[in-house]
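**Student:** To start, I am sharing the structure in question, which I have written as structure tokens.
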Number of protein chains: 2
Amino acid sequence: MRTSEVAAAAGVNVQTLRYYERRGLLPVPERSKSGYRAYDTQAVRTIRFVKHAQQLGFSLEQIDTLLTLAAGGPDGCDDATALATEKIAHLETKIADLTAMRNSLRQLVETCDRSRDQRCCTLFDAVEITEQTGDDDHERPPRRHPRPN
Amino acid sequence: MRTSEVAAAAGVNVQTLRYYERRGLLPVPERSKSGYRAYDTQAVRTIRFVKHAQQLGFSLEQIDTLLTLAAGGPDGCDDATALATEKIAHLETKIADLTAMRNSLRQLVETCDRSRDQRCCTLFDAVEITEQTGDDDHERPPRRHPRPN
DNA sequence: CTTGACTCTGTACCGTGGTACCGGGTTTAG
DNA sequence: CTAAACCCGGTACCACGGTACAGAGTCAAG
């Protein structure tokens, strides 16, 4: 397949293919004798996967490791398991957050017949349950930093 | 609360507060007589919510409508329900995608003791099930566009 | 009343993820 | 052989989501 065919099939711009190739997301394709890129059909699937993963909130760098995993992961079983397990945990957090948000919105719909400020929408709480920052001395901070020296 | 307190409590840069204010994500705060912003504690929660939602793959524009919903949604019950229902559908798609990805990775972990190319990782398929593009004439395109005229 | 940490507005810049344009070469129907 | 439609590499530019810097004002401890 030629560049523009792949781009059209995957629904992206031609330039994007080259960009992904530079970023290492797309394997360097074969070339025709005149220097044209010749992609295999897998390329289309890869690009679609990238686009999809982006919509789920992954950066291209994160997607890079997902692609590694999609190809079977690192050689060593321990390495592969570790990487996959980490990503699984990551996914489960996201799933939990989104589920909590969805439940909040359902609640809103149920209480929708009330006046606006009587409606029940716990979107904020929904997402706070998974928060953990280390420092919790935000209340009453030390009013002006103790000057150095 | 003053600007820097809010920023520290929410874990963002001071400039980010002003940026969000310009974008309309953060309500315009009261001002002290000398012109300093005086935030209520809700501001911290709002910012944390924004940050969290970003990690889940929402743009600031999308987050804007989520904030509207968090505040009870549009006045009319029908409008509020419609908007919330749309977002719920959106969330469920994401949840399904992430769940499929997670299952693929679990499968990978299970087949991890095999050699790399024998491992089973269906990450690509995981995400394709929810694909729907309108045009499906990607196979064998008409070799050169029919020239105009 | 000075000094250092803070605040303000405004504008310029940055990283990520692309997109567009340029000058040139290639392919193929007519 | 020509012309339309494609391909190439290189570079410049764009939008989004911030982040930094400049110049000026405010506030409280010493």
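Chain identifiers are assigned as A, B, and so on, following the order in which chains appear in the structure tokens; residues are numbered from 1 within each chain, and ligands are numbered from 1 in order of appearance.
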Excluding A:Cys120 and any residue of its chain fewer than 3 positions from it, enumerate the residues within 10 Å of it, using only C-alpha atoms (C1' of nucleotides), and give them as a list of chain:residue names.

**Tutor:** A:Ser104, A:Leu105, A:Arg106, A:Gln107, A:Leu108, A:Val109, A:Glu110, A:Thr111, A:Cys112, A:Arg114, A:Arg116, A:Asp117, A:Leu123, B:Ala70, B:Ala71, B:Gly72

**Student:** May I have the selected residues written with C-alpha atoms, as a PDB file, in the first residue's frame?

**Tutor:**
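Done, and the output landed in result19.pdb:
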```pdb
ATOM      1  CA  SER A 104     -22.757  10.707  39.168  1.00  0.00           C
ATOM      2  CA  LEU A 105     -24.304  11.723  35.895  1.00  0.00           C
ATOM      3  CA  ARG A 106     -26.945   9.034  36.234  1.00  0.00           C
ATOM      4  CA  GLN A 107     -27.772  10.442  39.613  1.00  0.00           C
ATOM      5  CA  LEU A 108     -28.072  13.861  38.076  1.00  0.00           C
ATOM      6  CA  VAL A 109     -30.505  12.567  35.498  1.00  0.00           C
ATOM      7  CA  GLU A 110     -32.586  10.983  38.227  1.00  0.00           C
ATOM      8  CA  THR A 111     -32.798  14.181  40.235  1.00  0.00           C
ATOM      9  CA  CYS A 112     -33.244  16.299  37.169  1.00  0.00           C
ATOM     10  CA  ARG A 114     -35.856  19.283  40.774  1.00  0.00           C
ATOM     11  CA  ARG A 116     -31.207  23.254  39.449  1.00  0.00           C
ATOM     12  CA  ASP A 117     -29.642  23.761  42.841  1.00  0.00           C
ATOM     13  CA  LEU A 123     -19.107  14.597  39.835  1.00  0.00           C
TER      14      LEU A 123
ATOM     15  CA  ALA B  70     -21.510  19.243  38.027  1.00  0.00           C
ATOM     16  CA  ALA B  71     -23.310  22.479  38.851  1.00  0.00           C
ATOM     17  CA  GLY B  72     -26.623  20.847  38.055  1.00  0.00           C
TER      18      GLY B  72
END
```

**Student:** Just want the 12 Å neighbourhood of stretch 2-18 of chain C, counted on only C-alpha atoms (C1' of nucleotides), with same-chain residues fewer than 5 positions away dropped. Output as a ChimeraX atom specification.

**Tutor:** /A:12-20,23,51,54,59-61,143-149 /B:2-5,14-15,18,31-32,34-38 /D:13-30

**Student:** Calculate the C-alpha RMSD, in Å to one decimal, after superposing chain A onto chain B by least squares over all C-alpha atoms paired in sequence order.

**Tutor:** 0.1 Å

**Student:** Could you tell me, as number ranges by chain, which residues of chain A DSSP assigns to alpha helix (DSSP H) when given the backbone?

**Tutor:** A: 3-10, 14-23, 42-55, 60-70, 77-110, 123-128

**Student:** Using only C-alpha atoms, can you tell me which of A:Leu56, A:Ile63, A:Ala43, A:Ala89 comes closest to chain B?

**Tutor:**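 Result for the nearest residue to chain B: A:Leu56.
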
**Student:** Work out how far apart atom CA of B:Arg119 and atom CA of A:Ile88 are and give it in Å to one decimal.

**Tutor:**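 Distance reported for this atom pair: 16.8 Å.
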
**Student:** So that I can see what lies close to B:Arg48, please list as a PyMOL selection string the residues with an atom at most 9 Å from it, counting only C-alpha atoms (C1' of nucleotides) and leaving out residues fewer than 2 positions away in the same chain.

**Tutor:** (chain A and resi 124+127-128+131) or (chain B and resi 10-12+43-46+50-53)

**Student:** Those selected residues, please, written with C-alpha atoms and delivered as a PDB file, in the first residue's frame.

**Tutor:**
```pdb
ATOM      1  CA  PHE A 124     -16.501  16.272  42.009  1.00  0.00           C
ATOM      2  CA  VAL A 127     -13.132  11.776  41.065  1.00  0.00           C
ATOM      3  CA  GLU A 128     -11.730  12.709  44.426  1.00  0.00           C
ATOM      4  CA  GLU A 131      -6.892  11.355  44.797  1.00  0.00           C
TER       5      GLU A 131
ATOM      6  CA  ALA B  10      -4.376  22.113  43.951  1.00  0.00           C
ATOM      7  CA  GLY B  11      -0.866  21.317  42.814  1.00  0.00           C
ATOM      8  CA  VAL B  12      -0.770  23.658  39.846  1.00  0.00           C
ATOM      9  CA  ALA B  43     -11.894  26.577  43.651  1.00  0.00           C
ATOM     10  CA  VAL B  44      -9.378  23.976  44.775  1.00  0.00           C
ATOM     11  CA  ARG B  45     -11.849  21.185  44.151  1.00  0.00           C
ATOM     12  CA  THR B  46     -12.687  22.557  40.747  1.00  0.00           C
ATOM     13  CA  VAL B  50     -10.138  19.644  35.853  1.00  0.00           C
ATOM     14  CA  LYS B  51      -6.733  18.027  36.241  1.00  0.00           C
ATOM     15  CA  HIS B  52      -8.253  14.673  36.896  1.00  0.00           C
ATOM     16  CA  ALA B  53     -10.603  14.860  33.954  1.00  0.00           C
TER      17      ALA B  53
END
```

**Student:** Could you list, as a PyMOL selection string, every residue of chain D that has an atom within 10 Å of an atom of chain A, counting only C-alpha atoms (C1' of nucleotides)?

**Tutor:** chain D and resi 6-8+28

**Student:** Where in chain B does DSSP assign strand (DSSP E or B), given as a PyMOL selection string?

**Tutor:** chain B and resi 30-31+37-38

**Student:** Print the selection's residues with N, CA and C atoms to a file, as a PDB file, in the first residue's frame.

**Tutor:**
```
ATOM      1  N   GLU B  30     -13.827  36.807  43.786  1.00  0.00           N
ATOM      2  CA  GLU B  30     -13.886  38.124  44.431  1.00  0.00           C
ATOM      3  C   GLU B  30     -12.489  38.729  44.425  1.00  0.00           C
ATOM      4  N   ARG B  31     -12.471  40.042  44.671  1.00  0.00           N
ATOM      5  CA  ARG B  31     -11.179  40.703  44.762  1.00  0.00           C
ATOM      6  C   ARG B  31     -11.108  41.455  46.081  1.00  0.00           C
ATOM      7  N   ARG B  37      -6.988  38.506  44.066  1.00  0.00           N
ATOM      8  CA  ARG B  37      -8.053  37.502  43.969  1.00  0.00           C
ATOM      9  C   ARG B  37      -8.260  36.805  45.321  1.00  0.00           C
ATOM     10  N   ALA B  38      -9.495  36.597  45.676  1.00  0.00           N
ATOM     11  CA  ALA B  38      -9.817  35.892  46.927  1.00  0.00           C
ATOM     12  C   ALA B  38     -10.715  34.709  46.593  1.00  0.00           C
TER      13      ALA B  38
END
```
